[in-house]
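Chemist: File follows, run.cif with mmCIF, C-alpha atoms:
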data_upload
loop_
_atom_site.label_atom_id
_atom_site.label_comp_id
_atom_site.auth_asym_id
_atom_site.auth_seq_id
_atom_site.Cartn_x
_atom_site.Cartn_y
_atom_site.Cartn_z
CA MET A 4 0.00 0.00 0.00
CA THR A 5 1.23 3.48 -0.80
CA PRO A 6 0.16 6.58 1.11
CA LYS A 7 -0.45 8.87 -1.87
CA ARG A 8 -1.81 6.53 -4.53
CA LYS A 9 -3.80 8.55 -7.07
CA ILE A 10 -6.94 6.66 -7.99
CA GLN A 11 -9.72 8.99 -9.10
CA ASP A 12 -11.33 12.19 -8.00
CA PHE A 13 -13.47 11.37 -4.99
CA SER A 14 -15.77 14.12 -3.77
CA GLY A 15 -17.72 12.19 -1.14
CA PHE A 16 -20.67 14.14 0.27
CA SER A 17 -20.28 17.31 -1.79
CA ASN A 18 -18.57 18.80 -4.82
CA GLU A 19 -17.02 21.59 -2.78
CA ASP A 20 -13.23 21.55 -3.02
CA ASP A 21 -10.96 21.46 0.01
CA LYS A 22 -10.28 25.20 0.00
CA ALA A 23 -14.00 25.91 0.08
CA ILE A 24 -14.45 23.55 3.04
CA PHE A 25 -11.60 25.22 4.95
CA ASN A 26 -13.26 28.61 4.40
CA LEU A 27 -16.70 27.36 5.43
CA GLU A 28 -15.33 26.15 8.76
CA LYS A 29 -13.34 29.35 9.21
CA ASP A 30 -16.33 31.59 8.50
CA TYR A 31 -19.10 29.64 10.22
CA GLY A 32 -17.49 27.46 12.89
CA ALA A 33 -15.88 27.95 16.28
CA HIS A 34 -12.10 27.73 16.12
CA HIS A 35 -11.83 25.25 18.99
CA TYR A 36 -9.65 22.60 17.32
CA ASP A 37 -6.13 22.77 15.95
CA ARG A 38 -6.72 20.97 12.66
CA ILE A 39 -4.41 19.66 9.98
CA ASN A 40 -5.22 20.69 6.41
CA LEU A 41 -6.92 17.52 5.28
CA VAL A 42 -10.56 17.07 4.26
CA VAL A 43 -11.57 13.42 4.55
CA ARG A 44 -14.14 12.43 1.91
CA HIS A 45 -14.36 8.70 2.54
CA ALA A 46 -13.62 6.37 5.46
CA LYS A 47 -13.53 2.60 5.25
CA GLY A 48 -11.84 0.11 7.54
CA CYS A 49 -8.51 1.63 8.57
CA TRP A 50 -8.22 4.03 5.64
CA LEU A 51 -9.26 7.63 4.98
CA THR A 52 -9.41 9.17 1.49
CA ASP A 53 -9.21 12.77 0.33
CA GLU A 54 -10.81 14.40 -2.73
CA ASN A 55 -7.94 13.33 -5.01
CA GLY A 56 -8.01 9.71 -3.94
CA ASN A 57 -4.94 9.97 -1.71
CA LYS A 58 -5.19 7.38 1.06
CA TYR A 59 -4.13 7.74 4.68
CA LEU A 60 -3.86 5.06 7.36
CA ASP A 61 -5.94 6.13 10.35
CA CYS A 62 -3.77 5.65 13.43
CA LEU A 63 -6.21 7.45 15.75
CA ALA A 64 -9.57 5.74 15.16
CA ALA A 65 -11.19 8.96 16.45
CA TYR A 66 -9.67 8.34 19.89
CA SER A 67 -11.10 4.80 19.96
CA ALA A 68 -14.55 5.59 18.51
CA ALA A 69 -13.77 3.56 15.38
CA ASN A 70 -12.41 0.46 17.14
CA PRO A 71 -14.17 -1.95 14.71
CA GLY A 72 -13.04 0.11 11.71
CA HIS A 73 -14.87 2.82 9.80
CA HIS A 74 -18.26 1.83 8.40
CA HIS A 75 -18.09 -1.73 9.65
CA PRO A 76 -20.56 -3.51 7.35
CA ALA A 77 -22.55 -5.26 10.09
CA ILE A 78 -23.06 -2.05 12.07
CA THR A 79 -23.67 0.05 8.96
CA ASN A 80 -26.26 -2.41 7.67
CA ALA A 81 -28.05 -2.48 11.02
CA VAL A 82 -28.28 1.33 10.97
CA MET A 83 -29.47 1.38 7.35
CA ASP A 84 -32.09 -1.28 8.07
CA ALA A 85 -33.39 0.81 10.98
CA LEU A 86 -33.66 3.94 8.84
CA ILE A 87 -35.29 2.17 5.91
CA GLY A 88 -37.53 0.14 8.22
CA ASN A 89 -38.81 3.26 10.01
CA TYR A 90 -37.77 2.20 13.51
CA ALA A 91 -34.83 4.60 13.89
CA SER A 92 -36.50 7.90 14.78
CA VAL A 93 -36.26 9.56 18.17
CA LEU A 94 -39.45 9.08 20.21
CA SER A 95 -40.81 10.56 23.39
CA ASN A 96 -39.53 8.83 26.49
CA VAL A 97 -43.15 8.40 27.56
CA VAL A 98 -43.25 5.24 25.41
CA PHE A 99 -41.09 2.12 25.27
CA THR A 100 -39.01 0.96 22.28
CA ASP A 101 -37.64 -2.49 21.64
CA PRO A 102 -34.21 -1.19 20.44
CA LEU A 103 -33.68 0.44 23.85
CA GLY A 104 -34.78 -2.56 25.88
CA ILE A 105 -32.64 -4.96 23.88
CA PHE A 106 -29.59 -2.66 23.95
CA LEU A 107 -29.84 -2.13 27.72
CA SER A 108 -29.97 -5.86 28.35
CA GLU A 109 -26.97 -6.49 26.10
CA VAL A 110 -24.77 -3.72 27.44
CA ALA A 111 -25.63 -4.47 31.08
CA LYS A 112 -24.59 -8.08 30.57
CA PHE A 113 -21.50 -7.00 28.59
CA ALA A 114 -19.87 -5.86 31.85
CA PRO A 115 -19.10 -8.11 34.82
CA GLN A 116 -21.18 -7.63 37.94
CA MET A 117 -20.41 -4.07 39.00
CA ALA A 118 -19.96 -3.24 42.70
CA PRO A 119 -20.07 -6.90 43.80
CA ARG A 120 -19.80 -5.88 47.48
CA PHE A 121 -23.42 -4.69 47.19
CA GLY A 122 -24.61 -8.11 46.10
CA ASN A 123 -25.27 -10.00 42.90
CA HIS A 124 -28.23 -7.94 41.69
CA GLY A 125 -27.14 -7.70 38.06
CA ASN A 126 -26.22 -4.48 36.28
CA LYS A 127 -28.28 -1.59 34.98
CA ALA A 128 -27.24 0.98 32.40
CA LEU A 129 -28.25 4.59 31.83
CA PRO A 130 -27.66 5.68 28.20
CA LYS A 131 -26.66 9.11 26.96
CA ASN A 132 -25.02 10.60 23.86
CA GLY A 133 -21.41 11.76 24.16
CA GLY A 134 -19.15 10.22 26.77
CA VAL A 135 -19.03 13.37 28.89
CA GLU A 136 -22.76 13.04 29.58
CA SER A 137 -22.18 9.62 31.09
CA VAL A 138 -19.32 11.03 33.15
CA GLU A 139 -21.85 13.50 34.53
CA THR A 140 -24.17 10.55 35.28
CA ALA A 141 -21.37 8.86 37.19
CA ILE A 142 -20.71 12.04 39.18
CA LYS A 143 -24.40 12.26 40.07
CA THR A 144 -24.28 8.65 41.22
CA MET A 145 -21.26 9.13 43.46
CA ARG A 146 -22.62 12.32 44.97
CA TYR A 147 -26.06 10.86 45.64
CA TYR A 148 -24.49 7.78 47.19
CA GLY A 149 -22.53 10.00 49.54
CA PHE A 150 -25.67 11.91 50.45
CA LYS A 151 -28.06 8.97 50.81
CA GLN A 152 -25.83 6.14 51.99
CA LYS A 153 -23.05 7.92 53.87
CA GLY A 154 -25.05 10.81 55.28
CA ILE A 155 -22.85 13.54 53.81
CA LYS A 156 -24.59 16.90 53.84
CA ASP A 157 -25.82 17.71 50.33
CA GLY A 158 -23.40 20.12 48.70
CA ARG A 159 -20.41 18.90 50.71
CA GLN A 160 -19.72 15.69 48.74
CA GLU A 161 -16.19 15.36 47.34
CA ILE A 162 -14.84 13.15 44.57
CA ILE A 163 -11.15 12.32 44.16
CA VAL A 164 -9.88 12.75 40.57
CA PHE A 165 -6.41 12.76 39.01
CA ASP A 166 -4.01 15.30 37.56
CA LYS A 167 -3.86 15.45 33.74
CA ASN A 168 -7.24 13.74 33.55
CA PHE A 169 -9.51 14.07 30.57
CA HIS A 170 -13.20 13.29 31.07
CA GLY A 171 -14.78 15.83 28.69
CA ARG A 172 -15.48 19.54 28.48
CA THR A 173 -18.72 20.44 30.26
CA ILE A 174 -18.43 23.03 33.02
CA SER A 175 -18.46 20.45 35.81
CA ILE A 176 -15.81 18.34 34.10
CA VAL A 177 -13.40 21.14 33.16
CA SER A 178 -13.70 22.36 36.74
CA PHE A 179 -11.31 19.60 37.79
CA SER A 180 -9.17 19.60 34.65
CA SER A 181 -5.43 20.28 34.93
CA SER A 182 -5.60 22.25 31.68
CA LYS A 183 -5.75 26.00 32.21
CA LYS A 184 -6.92 26.45 28.62
CA SER A 185 -9.94 24.21 29.24
CA LYS A 186 -11.35 26.28 32.10
CA GLU A 187 -9.91 29.80 32.17
CA GLY A 188 -12.68 32.35 31.79
CA PHE A 189 -15.47 29.81 32.13
CA GLY A 190 -16.02 30.27 35.86
CA PRO A 191 -17.56 30.03 38.35
CA LEU A 192 -16.33 26.47 38.35
CA THR A 193 -18.04 23.53 40.00
CA PRO A 194 -16.66 22.63 43.44
CA GLY A 195 -16.47 19.20 45.03
CA PHE A 196 -13.39 17.68 43.36
CA VAL A 197 -9.92 17.01 44.75
CA SER A 198 -7.19 16.26 42.21
CA VAL A 199 -4.10 14.23 43.08
CA GLU A 200 -1.17 12.77 41.15
CA PHE A 201 -2.12 9.94 38.81
CA GLY A 202 -0.66 6.68 40.06
CA ASN A 203 0.07 7.96 43.58
CA LEU A 204 -1.89 5.97 46.19
CA ASP A 205 -0.37 7.91 49.10
CA GLN A 206 -1.83 11.15 47.76
CA VAL A 207 -5.21 9.48 47.37
CA LYS A 208 -5.14 8.45 51.03
CA LYS A 209 -4.15 11.95 52.12
CA ALA A 210 -7.05 13.45 50.15
CA LEU A 211 -9.62 11.37 52.00
CA ASN A 212 -11.96 13.08 54.45
CA LYS A 213 -15.45 12.62 55.90
CA ASN A 214 -17.03 14.11 52.77
CA THR A 215 -15.29 11.89 50.22
CA CYS A 216 -17.87 9.85 48.33
CA GLY A 217 -16.07 8.50 45.27
CA ILE A 218 -13.02 8.10 43.08
CA LEU A 219 -13.16 8.78 39.32
CA VAL A 220 -10.25 7.39 37.30
CA GLU A 221 -9.12 6.59 33.78
CA PRO A 222 -7.38 3.20 34.10
CA MET A 223 -4.87 4.56 31.56
CA GLN A 224 -4.69 8.20 30.58
CA GLY A 225 -5.06 9.05 26.89
CA GLU A 226 -5.11 12.83 26.61
CA GLY A 227 -2.81 13.09 29.63
CA GLY A 228 0.09 11.69 27.61
CA MET A 229 -0.77 8.02 27.03
CA ILE A 230 0.14 7.23 30.63
CA VAL A 231 0.09 3.71 32.10
CA PRO A 232 -0.10 3.83 35.92
CA PRO A 233 2.21 1.79 38.16
CA ARG A 234 1.24 -1.84 38.61
CA GLY A 235 -1.06 -2.18 41.60
CA PHE A 236 -2.54 1.30 41.30
CA LEU A 237 -6.06 0.20 40.40
CA LYS A 238 -5.96 -2.59 42.96
CA GLY A 239 -4.93 -0.02 45.56
CA LEU A 240 -7.82 2.24 44.59
CA ARG A 241 -10.18 -0.70 44.95
CA GLU A 242 -8.90 -1.37 48.47
CA ILE A 243 -9.17 2.30 49.45
CA ALA A 244 -12.72 2.48 48.14
CA ASP A 245 -13.74 -0.67 50.02
CA GLU A 246 -12.14 0.45 53.29
CA ASN A 247 -13.77 3.90 53.15
CA ASP A 248 -17.15 3.03 51.61
CA LEU A 249 -16.52 4.97 48.39
CA LEU A 250 -17.74 4.34 44.87
CA LEU A 251 -14.88 3.61 42.46
CA VAL A 252 -15.79 4.52 38.87
CA CYS A 253 -13.61 3.79 35.83
CA ASP A 254 -13.88 6.03 32.78
CA GLU A 255 -13.21 3.60 29.93
CA ILE A 256 -14.49 5.79 27.09
CA GLN A 257 -11.10 5.67 25.35
CA VAL A 258 -9.51 2.53 26.82
CA GLY A 259 -12.48 0.15 27.01
CA MET A 260 -14.13 -2.00 24.35
CA GLY A 261 -10.93 -3.97 23.68
CA ARG A 262 -8.56 -1.06 23.08
CA THR A 263 -5.86 -2.22 25.53
CA GLY A 264 -6.16 -5.93 24.78
CA LYS A 265 -8.88 -6.65 27.33
CA LYS A 266 -12.62 -6.11 27.12
CA PHE A 267 -12.17 -3.56 29.93
CA CYS A 268 -8.90 -1.89 30.88
CA PHE A 269 -9.54 -2.50 34.59
CA GLU A 270 -9.22 -6.24 33.91
CA HIS A 271 -5.45 -5.83 33.64
CA GLU A 272 -5.40 -5.68 37.46
CA ASN A 273 -8.21 -8.15 38.07
CA ILE A 274 -10.43 -5.62 39.81
CA VAL A 275 -14.09 -4.75 39.35
CA PRO A 276 -15.16 -1.12 39.85
CA ASP A 277 -18.50 0.04 41.21
CA GLY A 278 -19.35 1.65 37.91
CA VAL A 279 -17.92 1.94 34.40
CA ILE A 280 -18.39 4.56 31.69
CA LEU A 281 -18.37 3.53 28.03
CA GLY A 282 -18.75 5.61 24.88
CA LYS A 283 -17.08 6.21 21.51
CA ALA A 284 -16.67 2.62 20.20
CA LEU A 285 -19.97 1.59 21.80
CA SER A 286 -21.81 2.37 18.55
CA GLY A 287 -18.96 1.52 16.18
CA GLY A 288 -18.31 5.21 15.60
CA LEU A 289 -21.51 5.78 13.62
CA VAL A 290 -23.93 7.35 16.13
CA PRO A 291 -23.29 9.21 19.41
CA LEU A 292 -23.88 6.77 22.28
CA SER A 293 -22.56 6.33 25.81
CA VAL A 294 -23.59 4.57 29.00
CA PHE A 295 -22.93 4.47 32.69
CA ILE A 296 -23.19 0.92 34.04
CA THR A 297 -23.47 0.06 37.72
CA ASN A 298 -24.98 -2.46 40.12
CA ALA A 299 -28.78 -2.49 39.84
CA LYS A 300 -29.02 -1.78 43.58
CA ILE A 301 -27.01 1.43 43.22
CA MET A 302 -28.81 2.56 40.05
CA ASP A 303 -32.20 2.11 41.71
CA MET A 304 -31.01 3.96 44.82
CA VAL A 305 -29.87 7.00 42.86
CA PHE A 306 -32.30 7.47 39.97
CA SER A 307 -36.05 7.76 40.22
CA LYS A 308 -38.69 9.23 37.90
CA GLY A 309 -37.74 12.78 36.98
CA SER A 310 -34.23 12.69 38.46
CA ASP A 311 -32.56 12.33 35.06
CA GLY A 312 -33.41 12.28 31.37
CA SER A 313 -32.22 12.87 27.81
CA THR A 314 -34.21 13.29 24.60
CA PHE A 315 -31.67 11.47 22.45
CA GLY A 316 -30.11 9.36 25.21
CA GLY A 317 -30.86 5.79 24.17
CA TYR A 318 -32.92 6.66 21.11
CA PRO A 319 -33.67 3.82 18.69
CA LEU A 320 -31.02 4.45 16.01
CA ALA A 321 -28.24 4.70 18.61
CA CYS A 322 -29.44 1.54 20.33
CA VAL A 323 -29.53 -0.39 17.07
CA ALA A 324 -25.95 0.67 16.36
CA GLY A 325 -24.92 -0.18 19.93
CA THR A 326 -26.41 -3.65 19.85
CA ALA A 327 -24.76 -4.38 16.49
CA SER A 328 -21.42 -3.05 17.76
CA LEU A 329 -21.50 -5.27 20.85
CA LYS A 330 -22.19 -8.27 18.63
CA VAL A 331 -19.26 -7.39 16.35
CA PHE A 332 -17.01 -6.99 19.38
CA GLU A 333 -17.77 -10.51 20.58
CA GLU A 334 -17.91 -12.30 17.21
CA GLU A 335 -14.71 -10.76 15.85
CA LYS A 336 -12.87 -11.05 19.18
CA LEU A 337 -11.67 -7.45 18.99
CA ALA A 338 -10.01 -7.51 22.41
CA GLU A 339 -7.98 -10.56 21.45
CA GLN A 340 -7.06 -8.89 18.16
CA ALA A 341 -5.85 -5.79 20.00
CA GLU A 342 -3.77 -7.84 22.42
CA ARG A 343 -2.07 -9.87 19.68
CA LYS A 344 -1.50 -7.04 17.22
CA GLY A 345 -0.55 -4.59 19.96
CA LYS A 346 2.33 -6.79 21.10
CA ILE A 347 3.63 -7.00 17.54
CA LEU A 348 3.28 -3.27 16.88
CA LYS A 349 4.77 -2.18 20.18
CA ALA A 350 7.78 -4.48 19.72
CA LYS A 351 8.41 -3.00 16.28
CA ILE A 352 8.12 0.55 17.62
CA GLU A 353 10.50 -0.26 20.48
CA LYS A 354 13.06 -1.40 17.90
CA ILE A 355 12.71 1.97 16.18
CA ALA A 356 13.07 3.75 19.53
CA LYS A 357 16.44 2.09 20.18
CA LYS A 358 17.80 3.59 16.96
CA SER A 359 16.04 6.94 17.21
CA PRO A 360 17.70 10.11 18.51
CA HIS A 361 14.23 11.55 19.15
CA VAL A 362 12.34 8.96 21.20
CA LYS A 363 12.34 9.19 24.98
CA GLU A 364 9.95 6.33 25.82
CA VAL A 365 7.43 3.92 24.29
CA ARG A 366 4.52 2.89 26.53
CA GLY A 367 1.07 1.41 26.37
CA GLN A 368 -0.88 -1.83 26.14
CA GLY A 369 -2.78 -3.43 23.29
CA LEU A 370 -3.34 -0.94 20.48
CA PHE A 371 -3.04 1.99 22.86
CA ILE A 372 0.56 3.11 22.38
CA GLY A 373 2.37 6.37 23.06
CA ILE A 374 5.74 7.44 21.67
CA GLU A 375 7.14 10.23 23.84
CA VAL A 376 9.70 12.46 22.11
CA LYS A 377 12.58 14.11 23.92
CA LYS A 378 11.95 17.72 22.92
CA GLY A 379 8.21 17.68 23.60
CA ASN A 380 7.50 18.52 19.96
CA ALA A 381 5.31 15.56 19.04
CA MET A 382 3.10 17.55 16.67
CA GLU A 383 6.07 18.26 14.38
CA PHE A 384 6.44 14.53 13.84
CA CYS A 385 2.69 14.13 13.38
CA ARG A 386 2.71 16.64 10.52
CA LYS A 387 5.63 14.85 8.87
CA LEU A 388 3.78 11.56 9.17
CA LEU A 389 0.71 13.06 7.50
CA LYS A 390 2.81 13.65 4.39
CA LEU A 391 3.73 9.97 4.49
CA GLY A 392 0.14 8.79 4.70
CA LEU A 393 -0.42 8.39 8.46
CA ILE A 394 -3.07 10.20 10.50
CA VAL A 395 -1.72 10.67 14.02
CA ASN A 396 -1.96 13.33 16.71
CA ASP A 397 -0.05 14.39 19.78
CA SER A 398 -1.04 13.68 23.35
CA HIS A 399 -0.19 16.35 25.92
CA GLY A 400 2.25 17.91 23.44
CA HIS A 401 5.06 15.46 24.07
CA THR A 402 3.72 12.10 22.88
CA ILE A 403 2.70 10.69 19.50
CA ARG A 404 -0.53 8.79 19.96
CA ILE A 405 -0.91 5.45 18.15
CA SER A 406 -4.41 3.95 18.43
CA PRO A 407 -5.58 2.51 15.09
CA PRO A 408 -8.78 0.54 14.53
CA LEU A 409 -8.51 -2.87 16.17
CA ILE A 410 -9.02 -4.59 12.81
CA ILE A 411 -5.68 -3.30 11.46
CA ASN A 412 -3.88 -6.06 9.57
CA GLU A 413 -0.23 -7.11 9.25
CA GLU A 414 0.34 -5.24 5.99
CA GLU A 415 -1.07 -2.05 7.48
CA ILE A 416 1.03 -2.43 10.62
CA ASN A 417 4.16 -2.82 8.53
CA PHE A 418 3.25 0.25 6.47
CA MET A 419 2.80 2.25 9.67
CA VAL A 420 6.13 1.07 11.06
CA ARG A 421 8.01 1.97 7.86
CA GLN A 422 6.64 5.50 7.96
CA LEU A 423 7.38 5.92 11.67
CA GLU A 424 10.94 4.81 11.06
CA LYS A 425 11.37 7.40 8.31
CA VAL A 426 10.57 10.32 10.62
CA LEU A 427 12.01 8.97 13.87
CA VAL A 428 15.27 7.48 12.58
CA ASP A 429 16.13 8.45 9.01
#
For this file, write the structure as structure tokens.

Modeler:
Amino acid sequence: MTPKRKIQDFSGFSNEDDKAIFNLEKDYGAHHYDRINLVVRHAKGCWLTDENGNKYLDCLAAYSAANPGHHHPAITNAVMDALIGNYASVLSNVVFTDPLGIFLSEVAKFAPQMAPRFGNHGNKALPKNGGVESVETAIKTMRYYGFKQKGIKDGRQEIIVFDKNFHGRTISIVSFSSSKKSKEGFGPLTPGFVSVEFGNLDQVKKALNKNTCGILVEPMQGEGGMIVPPRGFLKGLREIADENDLLLVCDEIQVGMGRTGKKFCFEHENIVPDGVILGKALSGGLVPLSVFITNAKIMDMVFSKGSDGSTFGGYPLACVAGTASLKVFEEEKLAEQAERKGKILKAKIEKIAKKSPHVKEVRGQGLFIGIEVKKGNAMEFCRKLLKLGLIVNDSHGHTIRISPPLIINEEEINFMVRQLEKVLVD
């Protein structure tokens, strides 16, 4: 495969040329992303195509949203069938739909029994759209648990979070972000969060007080620099939560659904959290969909009629896509694929790192790999790789993020490695 193979003009959705699209975004959109000058007209499997037919290997998978590959046929067909069959439209939540009921049962059973210390009551899931909405659901759950179960005065509940976290960009979430850019000027910020060093159990213990009700953690940090915590960190959090009657919630929006070589990232330490947040890959990257999953006993304690809601949260089209995506995950053994291919890819990248004057460290698990560069100028390498047919981005400025669709094959891995070697060694 060659990165710039000219096939035929491919206009995709419109006949507007790239320059026109750049100007449309400039004139009518918020300038809230630092983009590269590429208009993608077609996405299939692991490849993206521009208007001239130039092909690029997608090494980001939309931050894990496209884990099964772009436009996976089984998920795409399920969505098309729903649209053509007239059972895809959003409906009032005053009625029931079979896509929602079936999806909830599948996704609840997809996870192991959450919060087993509360008993084997099964799981329940609350669906939303983007992942950040389900993070908000998790925060509500932890706070209400502190109020109802622990007797913390309402408004005094505190949740322990971690430096360099990324859980989204709503006001509540950016309130405990380490990024000044994410929150400056958007105050007043939401109180009730205590941030400590990621991977540091001693700091977690020191942050505990009578008002602590939960711990919110990414089992591995993506936007924070592709950071893998020290071995035993998650197990230590589980012990702290048990000893202090706290809810431990794992945000697996980026690292779940097979990304790190396990169905859930928390499985690497053989722990089970009290709740888990899933999004992105949950619908195969075709429709916004996220969920918060917890023990049925906790879900029923926290949420009653009128205490939560969402017009599009769990609407039929999203649920159809979600159910199809879960089926693809199991049938195609995506977690096993990520584990096997990730070992091969990481080993090849580590060989490059030994020869490279630029690489400081290679880290990650499964197909969740970070290449930290010595001068903290990862984006410079990302732009060079774009010219060689790879779509990558930086993480926290200093690390090249490698997270391709989990269906990537051997030929595509070798193509990626050759291009990485050209910019990191040659």

Chemist: Within 12 Å of A:Val97, counting all atoms listed in the file, which residues show up once you throw out same-chain ones fewer than 5 positions away? Write them as JSON, numbers by chain, please.

Modeler: {"A": [308, 309, 312, 313, 314]}

Chemist: Compile the contact shell of A:Ile218 as a PyMOL selection string: residues with an atom at most 8 Å away, counting only C-alpha atoms, same-chain residues fewer than 2 positions apart removed.

Modeler: chain A and resi 162-164+216+220+240+244+249-252

Chemist: Residue by residue, what does the PyMOL selection byres ((chain A and resi 161) around 6) grab here? Present the result as a list in words.

Modeler: Gln160, Ile162, Gly195, Phe196, Asn214, Thr215 and Cys216 of chain A

Chemist: When the PyMOL selection byres ((chain A and resi 239) around 10) is applied to the file above, which residues end up in the set, as an MDAnalysis selection string?

Modeler: chainID A and resid 202:205 207 234:238 240:245 272 274

Chemist: Neighbours of stretch 130-133 of chain A within 6 Å (only C-alpha atoms; same-chain residues fewer than 3 positions away dropped), as a list of chain:residue names?

Modeler: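 Using only C-alpha atoms, the neighbours found are A:Glu136, A:Pro291, A:Leu292, A:Ser293, A:Val294, A:Gly316, A:Gly317.
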
Chemist: Using all atoms listed in the file, which protein or nucleic acid residues come within 12 Å of stretch 19-27 of chain A? Drop anything in the same chain fewer than 2 positions from it, and give the result as a PyMOL selection string.

Modeler: chain A and resi 12-17+29-34+38-44+53-55

Chemist: Please complete stretch 138-159 of chain A with N, CA and C atoms and give it back as a PDB file, in the coordinates of the input.

Modeler:
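Written out: part38.pdb:
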ATOM      1  N   VAL A 138     -20.176  10.645  32.020  1.00  0.00           N
ATOM      2  CA  VAL A 138     -19.320  11.030  33.150  1.00  0.00           C
ATOM      3  C   VAL A 138     -20.142  11.827  34.154  1.00  0.00           C
ATOM      4  N   GLU A 139     -20.969  12.736  33.643  1.00  0.00           N
ATOM      5  CA  GLU A 139     -21.850  13.500  34.530  1.00  0.00           C
ATOM      6  C   GLU A 139     -22.799  12.569  35.284  1.00  0.00           C
ATOM      7  N   THR A 140     -23.306  11.533  34.612  1.00  0.00           N
ATOM      8  CA  THR A 140     -24.170  10.550  35.280  1.00  0.00           C
ATOM      9  C   THR A 140     -23.433   9.867  36.408  1.00  0.00           C
ATOM     10  N   ALA A 141     -22.174   9.515  36.166  1.00  0.00           N
ATOM     11  CA  ALA A 141     -21.370   8.860  37.190  1.00  0.00           C
ATOM     12  C   ALA A 141     -21.143   9.790  38.388  1.00  0.00           C
ATOM     13  N   ILE A 142     -20.899  11.066  38.102  1.00  0.00           N
ATOM     14  CA  ILE A 142     -20.710  12.040  39.180  1.00  0.00           C
ATOM     15  C   ILE A 142     -21.981  12.167  40.010  1.00  0.00           C
ATOM     16  N   LYS A 143     -23.128  12.231  39.344  1.00  0.00           N
ATOM     17  CA  LYS A 143     -24.400  12.260  40.070  1.00  0.00           C
ATOM     18  C   LYS A 143     -24.525  11.045  40.991  1.00  0.00           C
ATOM     19  N   THR A 144     -24.155   9.893  40.448  1.00  0.00           N
ATOM     20  CA  THR A 144     -24.280   8.650  41.220  1.00  0.00           C
ATOM     21  C   THR A 144     -23.410   8.677  42.458  1.00  0.00           C
ATOM     22  N   MET A 145     -22.158   9.083  42.310  1.00  0.00           N
ATOM     23  CA  MET A 145     -21.260   9.130  43.460  1.00  0.00           C
ATOM     24  C   MET A 145     -21.728  10.142  44.502  1.00  0.00           C
ATOM     25  N   ARG A 146     -22.167  11.290  44.039  1.00  0.00           N
ATOM     26  CA  ARG A 146     -22.620  12.320  44.970  1.00  0.00           C
ATOM     27  C   ARG A 146     -23.883  11.879  45.724  1.00  0.00           C
ATOM     28  N   TYR A 147     -24.818  11.284  44.982  1.00  0.00           N
ATOM     29  CA  TYR A 147     -26.060  10.860  45.640  1.00  0.00           C
ATOM     30  C   TYR A 147     -25.779   9.731  46.625  1.00  0.00           C
ATOM     31  N   TYR A 148     -24.863   8.853  46.271  1.00  0.00           N
ATOM     32  CA  TYR A 148     -24.490   7.780  47.190  1.00  0.00           C
ATOM     33  C   TYR A 148     -23.933   8.360  48.489  1.00  0.00           C
ATOM     34  N   GLY A 149     -23.081   9.367  48.346  1.00  0.00           N
ATOM     35  CA  GLY A 149     -22.530  10.000  49.540  1.00  0.00           C
ATOM     36  C   GLY A 149     -23.605  10.641  50.397  1.00  0.00           C
ATOM     37  N   PHE A 150     -24.571  11.261  49.741  1.00  0.00           N
ATOM     38  CA  PHE A 150     -25.670  11.910  50.450  1.00  0.00           C
ATOM     39  C   PHE A 150     -26.604  10.889  51.105  1.00  0.00           C
ATOM     40  N   LYS A 151     -27.041   9.915  50.344  1.00  0.00           N
ATOM     41  CA  LYS A 151     -28.060   8.970  50.810  1.00  0.00           C
ATOM     42  C   LYS A 151     -27.488   7.884  51.711  1.00  0.00           C
ATOM     43  N   GLN A 152     -26.368   7.305  51.294  1.00  0.00           N
ATOM     44  CA  GLN A 152     -25.830   6.140  51.990  1.00  0.00           C
ATOM     45  C   GLN A 152     -24.866   6.505  53.112  1.00  0.00           C
ATOM     46  N   LYS A 153     -24.073   7.563  52.885  1.00  0.00           N
ATOM     47  CA  LYS A 153     -23.050   7.920  53.870  1.00  0.00           C
ATOM     48  C   LYS A 153     -23.459   9.076  54.774  1.00  0.00           C
ATOM     49  N   GLY A 154     -24.565   9.730  54.431  1.00  0.00           N
ATOM     50  CA  GLY A 154     -25.050  10.810  55.280  1.00  0.00           C
ATOM     51  C   GLY A 154     -24.267  12.104  55.150  1.00  0.00           C
ATOM     52  N   ILE A 155     -23.580  12.300  54.038  1.00  0.00           N
ATOM     53  CA  ILE A 155     -22.850  13.540  53.810  1.00  0.00           C
ATOM     54  C   ILE A 155     -23.864  14.645  53.489  1.00  0.00           C
ATOM     55  N   LYS A 156     -23.689  15.792  54.094  1.00  0.00           N
ATOM     56  CA  LYS A 156     -24.590  16.900  53.840  1.00  0.00           C
ATOM     57  C   LYS A 156     -24.562  17.270  52.362  1.00  0.00           C
ATOM     58  N   ASP A 157     -25.749  17.417  51.757  1.00  0.00           N
ATOM     59  CA  ASP A 157     -25.820  17.710  50.330  1.00  0.00           C
ATOM     60  C   ASP A 157     -25.096  19.018  50.024  1.00  0.00           C
ATOM     61  N   GLY A 158     -24.208  18.975  49.047  1.00  0.00           N
ATOM     62  CA  GLY A 158     -23.400  20.120  48.700  1.00  0.00           C
ATOM     63  C   GLY A 158     -21.994  20.041  49.233  1.00  0.00           C
ATOM     64  N   ARG A 159     -21.745  19.061  50.134  1.00  0.00           N
ATOM     65  CA  ARG A 159     -20.410  18.900  50.710  1.00  0.00           C
ATOM     66  C   ARG A 159     -19.664  17.686  50.120  1.00  0.00           C
TER      67      ARG A 159
END
